[in-house]
file entry37.pdb (PDB, C-alpha atoms, pLDDT in the B column)
ATOM      1  CA  MET N 984     -83.779 245.202 112.656  1.00 47.00           C
ATOM      2  CA  PRO N 985     -83.530 248.926 111.737  1.00 54.00           C
ATOM      3  CA  SER N 986     -80.472 248.266 109.575  1.00 61.00           C
ATOM      4  CA  LEU N 987     -82.408 245.579 107.649  1.00 55.00           C
ATOM      5  CA  ALA N 988     -85.245 248.053 107.026  1.00 56.00           C
ATOM      6  CA  LYS N 989     -82.754 250.660 105.756  1.00 61.00           C
ATOM      7  CA  PHE N 990     -81.154 248.061 103.489  1.00 57.00           C
ATOM      8  CA  VAL N 991     -84.525 247.024 101.987  1.00 55.00           C
ATOM      9  CA  ALA N 992     -85.561 250.664 101.488  1.00 56.00           C
ATOM     10  CA  THR N 993     -82.244 251.446  99.763  1.00 59.00           C
ATOM     11  CA  LEU N 994     -82.580 248.358  97.590  1.00 51.00           C
ATOM     12  CA  LEU N 995     -86.101 249.386  96.533  1.00 52.00           C
ATOM     13  CA  VAL N 996     -84.963 252.911  95.633  1.00 50.00           C
ATOM     14  CA  VAL N 997     -82.046 251.584  93.560  1.00 49.00           C
ATOM     15  CA  CYS N 998     -84.274 249.035  91.765  1.00 50.00           C
ATOM     16  CA  SER N 999     -86.902 251.634  90.942  1.00 50.00           C
ATOM     17  CA  PHE N1000     -84.203 254.005  89.626  1.00 46.00           C
ATOM     18  CA  ILE N1001     -82.760 251.261  87.401  1.00 47.00           C
ATOM     19  CA  SER N1002     -86.206 250.278  86.071  1.00 44.00           C
ATOM     20  CA  CYS N1003     -87.054 253.932  85.324  1.00 41.00           C
ATOM     21  CA  GLN N1004     -83.836 254.369  83.385  1.00 42.00           C
ATOM     22  CA  THR N1005     -84.494 251.187  81.413  1.00 39.00           C
ATOM     23  CA  SER N1006     -88.101 252.084  80.542  1.00 41.00           C
ATOM     24  CA  ASP N1007     -87.125 255.596  79.349  1.00 43.00           C
ATOM     25  CA  LYS N1008     -84.490 254.130  77.084  1.00 41.00           C
ATOM     26  CA  ASN N1009     -86.918 251.547  75.652  1.00 41.00           C
ATOM     27  CA  ASP N1010     -89.676 254.121  75.033  1.00 42.00           C
ATOM     28  CA  LYS N1011     -87.366 256.338  73.021  1.00 42.00           C
ATOM     29  CA  THR N1012     -86.177 253.541  70.745  1.00 37.00           C
ATOM     30  CA  THR N1013     -89.706 252.255  70.063  1.00 42.00           C
ATOM     31  CA  ALA N1014     -90.968 255.739  69.172  1.00 49.00           C
ATOM     32  CA  GLU N1015     -88.195 256.236  66.641  1.00 53.00           C
ATOM     33  CA  GLY N1016     -88.928 252.926  64.893  1.00 62.00           C
ATOM     34  CA  LEU N1017     -92.656 253.551  64.348  1.00 71.00           C
ATOM     35  CA  LYS N1018     -94.623 255.328  61.680  1.00 76.00           C
ATOM     36  CA  CYS N1019     -96.436 258.399  62.960  1.00 78.00           C
ATOM     37  CA  ASP N1020     -99.867 256.779  62.747  1.00 72.00           C
ATOM     38  CA  GLU N1021     -98.638 253.837  64.884  1.00 79.00           C
ATOM     39  CA  LEU N1022     -97.645 255.958  67.899  1.00 81.00           C
ATOM     40  CA  ARG N1023     -99.143 254.982  71.239  1.00 81.00           C
ATOM     41  CA  MET N1024    -101.297 257.170  73.434  1.00 81.00           C
ATOM     42  CA  GLY N1025     -99.128 259.824  75.062  1.00 83.00           C
ATOM     43  CA  GLN N1026     -96.629 259.897  72.211  1.00 85.00           C
ATOM     44  CA  TYR N1027     -98.812 262.266  70.187  1.00 87.00           C
ATOM     45  CA  LYS N1028    -101.308 265.078  70.710  1.00 90.00           C
ATOM     46  CA  CYS N1029    -104.346 265.714  68.533  1.00 90.00           C
ATOM     47  CA  ASP N1030    -106.276 268.908  67.808  1.00 92.00           C
ATOM     48  CA  GLU N1031    -109.833 269.115  69.089  1.00 90.00           C
ATOM     49  CA  PRO N1032    -112.423 268.393  66.383  1.00 91.00           C
ATOM     50  CA  ILE N1033    -114.686 271.189  65.169  1.00 91.00           C
ATOM     51  CA  ILE N1034    -117.963 270.822  67.092  1.00 89.00           C
ATOM     52  CA  ASP N1035    -121.303 271.328  65.342  1.00 89.00           C
ATOM     53  CA  PHE N1036    -123.377 273.606  67.596  1.00 87.00           C
ATOM     54  CA  LYS N1037    -126.687 271.961  66.666  1.00 88.00           C
ATOM     55  CA  THR N1038    -125.748 268.321  67.303  1.00 86.00           C
ATOM     56  CA  GLN N1039    -122.916 268.847  69.821  1.00 87.00           C
ATOM     57  CA  GLN N1040    -120.842 266.305  67.890  1.00 87.00           C
ATOM     58  CA  PRO N1041    -117.808 266.716  65.632  1.00 90.00           C
ATOM     59  CA  ALA N1042    -118.774 268.329  62.317  1.00 90.00           C
ATOM     60  CA  GLY N1043    -119.227 265.767  59.553  1.00 89.00           C
ATOM     61  CA  CYS N1044    -120.646 262.998  61.750  1.00 88.00           C
ATOM     62  CA  SER N1045    -123.596 261.183  60.174  1.00 87.00           C
ATOM     63  CA  LYS N1046    -125.513 257.908  60.328  1.00 86.00           C
ATOM     64  CA  ASN N1047    -123.114 256.305  57.848  1.00 89.00           C
ATOM     65  CA  LYS N1048    -119.906 258.018  58.984  1.00 88.00           C
ATOM     66  CA  ARG N1049    -119.266 257.498  62.703  1.00 86.00           C
ATOM     67  CA  SER N1050    -115.794 259.082  62.830  1.00 91.00           C
ATOM     68  CA  VAL N1051    -114.097 262.248  61.629  1.00 92.00           C
ATOM     69  CA  PRO N1052    -110.408 262.943  60.904  1.00 93.00           C
ATOM     70  CA  VAL N1053    -108.357 265.283  63.117  1.00 92.00           C
ATOM     71  CA  LYS N1054    -104.761 266.479  62.848  1.00 91.00           C
ATOM     72  CA  CYS N1055    -102.295 264.928  65.288  1.00 89.00           C
ATOM     73  CA  TYR N1056     -98.686 265.870  66.067  1.00 87.00           C
ATOM     74  CA  PRO N1057     -95.902 263.790  67.646  1.00 86.00           C
ATOM     75  CA  ALA N1058     -95.083 264.743  71.232  1.00 85.00           C
ATOM     76  CA  GLU N1059     -91.980 266.743  72.000  1.00 85.00           C
ATOM     77  CA  GLY N1060     -88.901 264.561  71.699  1.00 81.00           C
ATOM     78  CA  VAL N1061     -90.669 261.859  69.657  1.00 80.00           C
ATOM     79  CA  VAL N1062     -89.404 261.346  66.118  1.00 79.00           C
ATOM     80  CA  CYS N1063     -91.404 259.288  63.628  1.00 79.00           C
ATOM     81  CA  ASN N1064     -90.102 257.418  60.622  1.00 74.00           C
ATOM     82  CA  GLY N1065     -90.237 259.780  57.680  1.00 64.00           C
ATOM     83  CA  GLY N1066     -90.073 262.820  59.972  1.00 63.00           C
ATOM     84  CA  ASP N1067     -93.657 263.914  59.208  1.00 65.00           C
ATOM     85  CA  ASP N1068     -94.837 267.012  61.042  1.00 77.00           C
ATOM     86  CA  PHE N1069     -98.389 265.731  61.443  1.00 83.00           C
ATOM     87  CA  PHE N1070    -100.698 262.854  60.631  1.00 85.00           C
ATOM     88  CA  THR N1071    -104.461 262.296  60.813  1.00 87.00           C
ATOM     89  CA  LYS N1072    -106.387 260.036  63.163  1.00 89.00           C
ATOM     90  CA  GLU N1073    -110.055 259.156  63.145  1.00 90.00           C
ATOM     91  CA  VAL N1074    -112.010 260.391  66.182  1.00 87.00           C
ATOM     92  CA  PRO N1075    -115.253 258.546  66.938  1.00 87.00           C
ATOM     93  CA  CYS N1076    -118.473 260.521  67.023  1.00 87.00           C
ATOM     94  CA  GLU N1077    -122.058 259.757  67.944  1.00 86.00           C
ATOM     95  CA  TRP N1078    -124.834 260.196  65.398  1.00 86.00           C
ATOM     96  CA  THR N1079    -127.725 262.312  66.682  1.00 89.00           C
ATOM     97  CA  GLU N1080    -131.079 263.171  65.137  1.00 88.00           C
ATOM     98  CA  GLY N1081    -132.264 265.968  67.411  1.00 87.00           C
ATOM     99  CA  LYS N1082    -133.527 264.248  70.557  1.00 93.00           C
ATOM    100  CA  SER N1083    -132.255 266.030  73.649  1.00 93.00           C
ATOM    101  CA  PHE N1084    -131.357 264.065  76.773  1.00 93.00           C
ATOM    102  CA  GLU N1085    -132.529 266.849  79.091  1.00 93.00           C
ATOM    103  CA  THR N1086    -135.894 267.134  77.313  1.00 96.00           C
ATOM    104  CA  ALA N1087    -136.473 263.368  77.438  1.00 96.00           C
ATOM    105  CA  LEU N1088    -135.637 263.225  81.145  1.00 96.00           C
ATOM    106  CA  LEU N1089    -137.845 266.206  82.037  1.00 97.00           C
ATOM    107  CA  LEU N1090    -140.752 264.792  80.017  1.00 97.00           C
ATOM    108  CA  SER N1091    -140.317 261.473  81.796  1.00 97.00           C
ATOM    109  CA  ILE N1092    -140.321 263.104  85.235  1.00 96.00           C
ATOM    110  CA  PHE N1093    -143.268 265.454  84.744  1.00 97.00           C
ATOM    111  CA  LEU N1094    -145.408 263.861  82.001  1.00 96.00           C
ATOM    112  CA  GLY N1095    -144.198 260.254  82.056  1.00 95.00           C
ATOM    113  CA  MET N1096    -147.471 258.982  83.486  1.00 95.00           C
ATOM    114  CA  PHE N1097    -149.132 260.044  80.211  1.00 96.00           C
ATOM    115  CA  GLY N1098    -146.453 258.431  78.024  1.00 96.00           C
ATOM    116  CA  ILE N1099    -145.265 261.736  76.548  1.00 96.00           C
ATOM    117  CA  ASP N1100    -141.616 260.708  77.063  1.00 97.00           C
ATOM    118  CA  ARG N1101    -142.090 257.567  74.963  1.00 96.00           C
ATOM    119  CA  PHE N1102    -143.909 259.509  72.229  1.00 97.00           C
ATOM    120  CA  TYR N1103    -141.003 261.998  72.173  1.00 97.00           C
ATOM    121  CA  LEU N1104    -138.423 259.218  71.833  1.00 97.00           C
ATOM    122  CA  GLY N1105    -140.376 257.555  69.002  1.00 96.00           C
ATOM    123  CA  TYR N1106    -142.086 254.668  70.793  1.00 97.00           C
ATOM    124  CA  PRO N1107    -145.792 255.404  70.119  1.00 97.00           C
ATOM    125  CA  ALA N1108    -147.118 251.973  71.182  1.00 96.00           C
ATOM    126  CA  LEU N1109    -145.486 252.174  74.624  1.00 95.00           C
ATOM    127  CA  GLY N1110    -146.556 255.813  74.890  1.00 96.00           C
ATOM    128  CA  LEU N1111    -150.180 254.877  74.251  1.00 96.00           C
ATOM    129  CA  LEU N1112    -149.973 251.973  76.702  1.00 95.00           C
ATOM    130  CA  LYS N1113    -148.555 254.248  79.394  1.00 95.00           C
ATOM    131  CA  PHE N1114    -151.243 256.851  78.629  1.00 95.00           C
ATOM    132  CA  CYS N1115    -154.051 254.308  79.046  1.00 95.00           C
ATOM    133  CA  THR N1116    -152.680 252.877  82.312  1.00 95.00           C
ATOM    134  CA  LEU N1117    -151.363 256.120  83.865  1.00 92.00           C
ATOM    135  CA  GLY N1118    -147.778 254.980  83.457  1.00 91.00           C
ATOM    136  CA  PHE N1119    -148.562 251.430  84.616  1.00 92.00           C
ATOM    137  CA  MET N1120    -149.879 252.914  87.861  1.00 92.00           C
ATOM    138  CA  PHE N1121    -146.814 255.168  88.159  1.00 92.00           C
ATOM    139  CA  LEU N1122    -144.464 252.191  88.413  1.00 95.00           C
ATOM    140  CA  GLY N1123    -143.689 252.346  84.666  1.00 93.00           C
ATOM    141  CA  GLN N1124    -143.019 256.062  84.992  1.00 95.00           C
ATOM    142  CA  LEU N1125    -140.458 255.439  87.736  1.00 96.00           C
ATOM    143  CA  VAL N1126    -138.777 252.703  85.683  1.00 96.00           C
ATOM    144  CA  ASP N1127    -138.658 254.975  82.612  1.00 96.00           C
ATOM    145  CA  ILE N1128    -137.151 257.828  84.632  1.00 96.00           C
ATOM    146  CA  LEU N1129    -134.349 255.509  85.738  1.00 96.00           C
ATOM    147  CA  LEU N1130    -133.811 254.004  82.260  1.00 95.00           C
ATOM    148  CA  ILE N1131    -133.670 257.408  80.573  1.00 95.00           C
ATOM    149  CA  ALA N1132    -131.442 258.868  83.304  1.00 93.00           C
ATOM    150  CA  MET N1133    -128.987 255.973  82.873  1.00 91.00           C
ATOM    151  CA  GLN N1134    -129.227 256.399  79.069  1.00 90.00           C
ATOM    152  CA  VAL N1135    -130.333 252.785  78.612  1.00 91.00           C
ATOM    153  CA  VAL N1136    -133.400 253.893  76.634  1.00 94.00           C
ATOM    154  CA  GLY N1137    -132.572 256.193  73.746  1.00 93.00           C
ATOM    155  CA  PRO N1138    -134.331 257.440  70.628  1.00 95.00           C
ATOM    156  CA  ALA N1139    -136.101 254.721  68.625  1.00 95.00           C
ATOM    157  CA  ASP N1140    -134.213 255.480  65.387  1.00 91.00           C
ATOM    158  CA  GLY N1141    -130.944 254.236  66.923  1.00 88.00           C
ATOM    159  CA  SER N1142    -129.381 257.668  67.221  1.00 90.00           C
ATOM    160  CA  ASN N1143    -127.888 259.094  70.405  1.00 89.00           C
ATOM    161  CA  TYR N1144    -129.139 261.920  72.583  1.00 91.00           C
ATOM    162  CA  ILE N1145    -127.867 265.436  72.060  1.00 89.00           C
ATOM    163  CA  ILE N1146    -125.648 266.042  75.088  1.00 85.00           C
ATOM    164  CA  ASP N1147    -123.071 268.822  75.417  1.00 79.00           C
ATOM    165  CA  TYR N1148    -119.809 267.644  73.862  1.00 71.00           C
ATOM    166  CA  TYR N1149    -117.932 268.351  77.080  1.00 74.00           C
ATOM    167  CA  GLY N1150    -120.904 267.424  79.261  1.00 71.00           C
ATOM    168  CA  ALA N1151    -121.490 264.371  81.384  1.00 71.00           C
ATOM    169  CA  LYS N1152    -122.478 261.290  79.441  1.00 74.00           C
ATOM    170  CA  ILE N1153    -122.193 257.577  79.869  1.00 75.00           C
ATOM    171  CA  THR N1154    -119.452 255.937  77.823  1.00 73.00           C
ATOM    172  CA  LYS N1155    -119.027 252.196  77.672  1.00 72.00           C
ATOM    173  CA  VAL N1156    -115.422 251.258  78.377  1.00 74.00           C
ATOM    174  CA  MET N1157    -114.483 248.054  76.636  1.00 71.00           C
ATOM    175  CA  ARG N1158    -111.245 246.198  76.136  1.00 71.00           C
ATOM    176  CA  ASP N1159    -110.241 245.351  72.582  1.00 68.00           C
ATOM    177  CA  ASN N1160    -107.131 244.723  70.473  1.00 66.00           C
ATOM    178  CA  ASP N1161    -106.227 248.425  70.472  1.00 65.00           C
ATOM    179  CA  THR N1162    -106.324 248.755  74.275  1.00 64.00           C
ATOM    180  CA  ASP N1163    -102.918 249.021  75.935  1.00 62.00           C
ATOM    181  CA  LEU N1164    -102.750 247.079  79.169  1.00 58.00           C
ATOM    182  CA  PHE N1165     -99.621 248.713  80.531  1.00 54.00           C
TER     183      PHE N1165
END

call {"tool": "encode", "arguments": {"input": "entry37.pdb", "output": "structure tokens"}}
result
Amino acid sequence: MPSLAKFVATLLVVCSFISCQTSDKNDKTTAEGLKCDELRMGQYKCDEPIIDFKTQQPAGCSKNKRSVPVKCYPAEGVVCNGGDDFFTKEVPCEWTEGKSFETALLLSIFLGMFGIDRFYLGYPALGLLKFCTLGFMFLGQLVDILLIAMQVVGPADGSNYIIDYYGAKITKVMRDNDTDLF
């Protein structure tokens, strides 16, 4: 029995070595046959975008323009067709209009029973309703605290909260045609 276990372990090591050699060879040939802007994730490195201090988003982001260009360079050992030194890629950004996540959450916690959080976010009808009912007898205040904390409720104008660019925020992860499965 021990010799069978050694044989299987040796076979696994040899198979993994062969598959690693094959995948390295295939990666190199596919990188050489692509244009620079068709490289896959990991085959290039991009510069960080310039961050606007006021909105905490890449500079140039607006309601109509939801992405900004950044300079990207092929990774070491990757050669693109044409031999370009760099190329540009669009980086998504979130449009903000000045509503702070921290302010909305603090208003909801401390003054939510009076509807101040909803007034701040641009929902005056719900703010007035919460004011008249003391936050729906505090149950509406609790629900709003949770909805704002989970970033389900945002500003009424459709913009996003101002959150530090490198801070914690909720990002929806979705699968689309550009998502690599392997």

call {"tool": "closest_residue", "arguments": {"input": "entry37.pdb", "among": "N:Gln1039, N:Leu1125, N:Met1096, N:Ile1033", "to": "N:Gly1150", "atoms": "all atoms listed in the file"}}
result
N:Gln1039

call {"tool": "residues_around", "arguments": {"input": "entry37.pdb", "residues": "stretch 1052-1068 of chain N", "least_positions_apart": "6", "cutoff": "9 Å", "atoms": "all atoms listed in the file", "output": "PyMOL selection string"}}
result
chain N and resi 1011+1014-1020+1022+1025-1033+1074-1075

call {"tool": "residues_around", "arguments": {"input": "entry37.pdb", "residues": "N:Gly1141", "least_positions_apart": "3", "cutoff": "10 Å", "atoms": "all atoms listed in the file", "output": "compact mmCIF listing (two decimals) with C-alpha atoms, in the coordinates of the input"}}
result
# COMPACT_ATOMS: atom_id res chain seq x y z
CA LYS N 1046 -125.51 257.91 60.33
CA TRP N 1078 -124.83 260.20 65.40
CA THR N 1079 -127.72 262.31 66.68
CA GLU N 1080 -131.08 263.17 65.14
CA GLY N 1137 -132.57 256.19 73.75
CA PRO N 1138 -134.33 257.44 70.63
CA TYR N 1144 -129.14 261.92 72.58

call {"tool": "resolve_selection", "arguments": {"input": "entry37.pdb", "expression": "the PyMOL selection byres ((chain N and resi 1113) around 8)", "output": "MDAnalysis selection string"}}
result
chainID N and resid 1095:1098 1109:1112 1114:1119 1123

call {"tool": "residues_around", "arguments": {"input": "entry37.pdb", "residues": "N:Glu1077", "least_positions_apart": "4", "cutoff": "10 Å", "atoms": "all atoms listed in the file", "output": "list in words"}}
result
Thr1038, Gln1039, Gln1040, Pro1041, Cys1044, Ser1045, Lys1046, Lys1048, Arg1049, Ser1050, Ser1142, Asn1143, Tyr1144 and Ile1145 of chain N

call {"tool": "closest_residue", "arguments": {"input": "entry37.pdb", "among": "N:Ser1083, N:Ser1091, N:Gln1134, N:Gln1124", "to": "N:Ile1146", "atoms": "only C-alpha atoms"}}
result
N:Ser1083

call {"tool": "resolve_selection", "arguments": {"input": "entry37.pdb", "expression": "the PyMOL selection byres ((chain N and resi 1133) around 12)", "output": "ChimeraX atom specification"}}
result
/N:1084,1087-1088,1126-1132,1134-1137,1144,1151-1155

call {"tool": "atom_distance", "arguments": {"input": "entry37.pdb", "atom1": "atom CA of N:Leu1089", "atom2": "atom CA of N:Phe1036"}}
result
21.7 Å

call {"tool": "atom_distance", "arguments": {"input": "entry37.pdb", "atom1": "atom CA of N:Ala1042", "atom2": "atom CA of N:Thr1071"}}
result
15.6 Å

call {"tool": "atom_distance", "arguments": {"input": "entry37.pdb", "atom1": "atom CA of N:Lys1037", "atom2": "atom CA of N:Phe1070"}}
result
28.2 Å

call {"tool": "decode", "arguments": {"input": "entry37.pdb", "residues": "stretch 1041-1063 of chain N", "atoms": "N, CA, C and O atoms", "output": "PDB file, in the first residue's frame"}}
result
ATOM      1  N   PRO N1041     -11.794  59.608  -9.435  1.00  0.00           N
ATOM      2  CA  PRO N1041     -10.817  60.053 -10.429  1.00  0.00           C
ATOM      3  C   PRO N1041     -11.222  61.389 -11.049  1.00  0.00           C
ATOM      4  O   PRO N1041     -12.397  61.639 -11.313  1.00  0.00           O
ATOM      5  N   ALA N1042     -10.242  62.269 -11.241  1.00  0.00           N
ATOM      6  CA  ALA N1042     -10.500  63.591 -11.808  1.00  0.00           C
ATOM      7  C   ALA N1042     -11.082  63.437 -13.205  1.00  0.00           C
ATOM      8  O   ALA N1042     -10.619  62.629 -14.006  1.00  0.00           O
ATOM      9  N   GLY N1043     -12.112  64.217 -13.502  1.00  0.00           N
ATOM     10  CA  GLY N1043     -12.752  64.168 -14.810  1.00  0.00           C
ATOM     11  C   GLY N1043     -14.029  63.348 -14.829  1.00  0.00           C
ATOM     12  O   GLY N1043     -14.705  63.272 -15.843  1.00  0.00           O
ATOM     13  N   CYS N1044     -14.393  62.743 -13.720  1.00  0.00           N
ATOM     14  CA  CYS N1044     -15.617  61.947 -13.642  1.00  0.00           C
ATOM     15  C   CYS N1044     -16.813  62.890 -13.517  1.00  0.00           C
ATOM     16  O   CYS N1044     -16.778  63.846 -12.750  1.00  0.00           O
ATOM     17  N   SER N1045     -17.856  62.645 -14.286  1.00  0.00           N
ATOM     18  CA  SER N1045     -19.050  63.483 -14.219  1.00  0.00           C
ATOM     19  C   SER N1045     -20.289  62.622 -14.436  1.00  0.00           C
ATOM     20  O   SER N1045     -20.199  61.415 -14.646  1.00  0.00           O
ATOM     21  N   LYS N1046     -21.445  63.268 -14.421  1.00  0.00           N
ATOM     22  CA  LYS N1046     -22.712  62.550 -14.595  1.00  0.00           C
ATOM     23  C   LYS N1046     -22.766  61.873 -15.961  1.00  0.00           C
ATOM     24  O   LYS N1046     -23.287  60.774 -16.094  1.00  0.00           O
ATOM     25  N   ASN N1047     -22.218  62.524 -16.975  1.00  0.00           N
ATOM     26  CA  ASN N1047     -22.260  61.991 -18.331  1.00  0.00           C
ATOM     27  C   ASN N1047     -21.063  61.111 -18.670  1.00  0.00           C
ATOM     28  O   ASN N1047     -21.120  60.315 -19.595  1.00  0.00           O
ATOM     29  N   LYS N1048     -19.965  61.298 -17.975  1.00  0.00           N
ATOM     30  CA  LYS N1048     -18.736  60.546 -18.259  1.00  0.00           C
ATOM     31  C   LYS N1048     -18.391  59.703 -17.038  1.00  0.00           C
ATOM     32  O   LYS N1048     -17.874  60.215 -16.054  1.00  0.00           O
ATOM     33  N   ARG N1049     -18.670  58.416 -17.095  1.00  0.00           N
ATOM     34  CA  ARG N1049     -18.492  57.530 -15.943  1.00  0.00           C
ATOM     35  C   ARG N1049     -17.198  56.729 -15.993  1.00  0.00           C
ATOM     36  O   ARG N1049     -17.074  55.709 -15.340  1.00  0.00           O
ATOM     37  N   SER N1050     -16.225  57.173 -16.803  1.00  0.00           N
ATOM     38  CA  SER N1050     -14.916  56.521 -16.825  1.00  0.00           C
ATOM     39  C   SER N1050     -13.867  57.544 -17.258  1.00  0.00           C
ATOM     40  O   SER N1050     -14.183  58.512 -17.931  1.00  0.00           O
ATOM     41  N   VAL N1051     -12.640  57.296 -16.830  1.00  0.00           N
ATOM     42  CA  VAL N1051     -11.531  58.181 -17.191  1.00  0.00           C
ATOM     43  C   VAL N1051     -10.372  57.336 -17.727  1.00  0.00           C
ATOM     44  O   VAL N1051     -10.188  56.191 -17.311  1.00  0.00           O
ATOM     45  N   PRO N1052      -9.586  57.885 -18.663  1.00  0.00           N
ATOM     46  CA  PRO N1052      -8.468  57.108 -19.212  1.00  0.00           C
ATOM     47  C   PRO N1052      -7.243  57.142 -18.286  1.00  0.00           C
ATOM     48  O   PRO N1052      -6.959  58.151 -17.648  1.00  0.00           O
ATOM     49  N   VAL N1053      -6.543  56.011 -18.210  1.00  0.00           N
ATOM     50  CA  VAL N1053      -5.270  55.926 -17.492  1.00  0.00           C
ATOM     51  C   VAL N1053      -4.251  55.232 -18.390  1.00  0.00           C
ATOM     52  O   VAL N1053      -4.610  54.470 -19.279  1.00  0.00           O
ATOM     53  N   LYS N1054      -2.978  55.500 -18.136  1.00  0.00           N
ATOM     54  CA  LYS N1054      -1.899  54.890 -18.903  1.00  0.00           C
ATOM     55  C   LYS N1054      -1.594  53.510 -18.353  1.00  0.00           C
ATOM     56  O   LYS N1054      -1.456  53.327 -17.146  1.00  0.00           O
ATOM     57  N   CYS N1055      -1.468  52.540 -19.273  1.00  0.00           N
ATOM     58  CA  CYS N1055      -1.151  51.164 -18.884  1.00  0.00           C
ATOM     59  C   CYS N1055       0.089  50.701 -19.652  1.00  0.00           C
ATOM     60  O   CYS N1055       0.315  51.129 -20.788  1.00  0.00           O
ATOM     61  N   TYR N1056       0.858  49.820 -19.037  1.00  0.00           N
ATOM     62  CA  TYR N1056       2.095  49.306 -19.610  1.00  0.00           C
ATOM     63  C   TYR N1056       2.063  47.783 -19.602  1.00  0.00           C
ATOM     64  O   TYR N1056       1.575  47.184 -18.642  1.00  0.00           O
ATOM     65  N   PRO N1057       2.578  47.135 -20.649  1.00  0.00           N
ATOM     66  CA  PRO N1057       2.656  45.670 -20.630  1.00  0.00           C
ATOM     67  C   PRO N1057       3.564  45.198 -19.488  1.00  0.00           C
ATOM     68  O   PRO N1057       4.518  45.878 -19.122  1.00  0.00           O
ATOM     69  N   ALA N1058       3.248  44.042 -18.937  1.00  0.00           N
ATOM     70  CA  ALA N1058       4.063  43.473 -17.867  1.00  0.00           C
ATOM     71  C   ALA N1058       5.422  43.065 -18.411  1.00  0.00           C
ATOM     72  O   ALA N1058       5.617  42.917 -19.616  1.00  0.00           O
ATOM     73  N   GLU N1059       6.352  42.866 -17.509  1.00  0.00           N
ATOM     74  CA  GLU N1059       7.700  42.478 -17.903  1.00  0.00           C
ATOM     75  C   GLU N1059       7.661  41.137 -18.617  1.00  0.00           C
ATOM     76  O   GLU N1059       7.041  40.182 -18.156  1.00  0.00           O
ATOM     77  N   GLY N1060       8.275  41.064 -19.770  1.00  0.00           N
ATOM     78  CA  GLY N1060       8.316  39.840 -20.547  1.00  0.00           C
ATOM     79  C   GLY N1060       7.164  39.686 -21.521  1.00  0.00           C
ATOM     80  O   GLY N1060       7.126  38.742 -22.286  1.00  0.00           O
ATOM     81  N   VAL N1061       6.199  40.612 -21.502  1.00  0.00           N
ATOM     82  CA  VAL N1061       5.070  40.561 -22.427  1.00  0.00           C
ATOM     83  C   VAL N1061       5.331  41.547 -23.558  1.00  0.00           C
ATOM     84  O   VAL N1061       5.644  42.702 -23.316  1.00  0.00           O
ATOM     85  N   VAL N1062       5.229  41.051 -24.785  1.00  0.00           N
ATOM     86  CA  VAL N1062       5.447  41.886 -25.961  1.00  0.00           C
ATOM     87  C   VAL N1062       4.139  41.961 -26.735  1.00  0.00           C
ATOM     88  O   VAL N1062       3.526  40.938 -27.035  1.00  0.00           O
ATOM     89  N   CYS N1063       3.714  43.180 -27.038  1.00  0.00           N
ATOM     90  CA  CYS N1063       2.474  43.378 -27.796  1.00  0.00           C
ATOM     91  C   CYS N1063       2.801  43.514 -29.272  1.00  0.00           C
ATOM     92  O   CYS N1063       3.920  43.842 -29.646  1.00  0.00           O
TER      93      CYS N1063
END
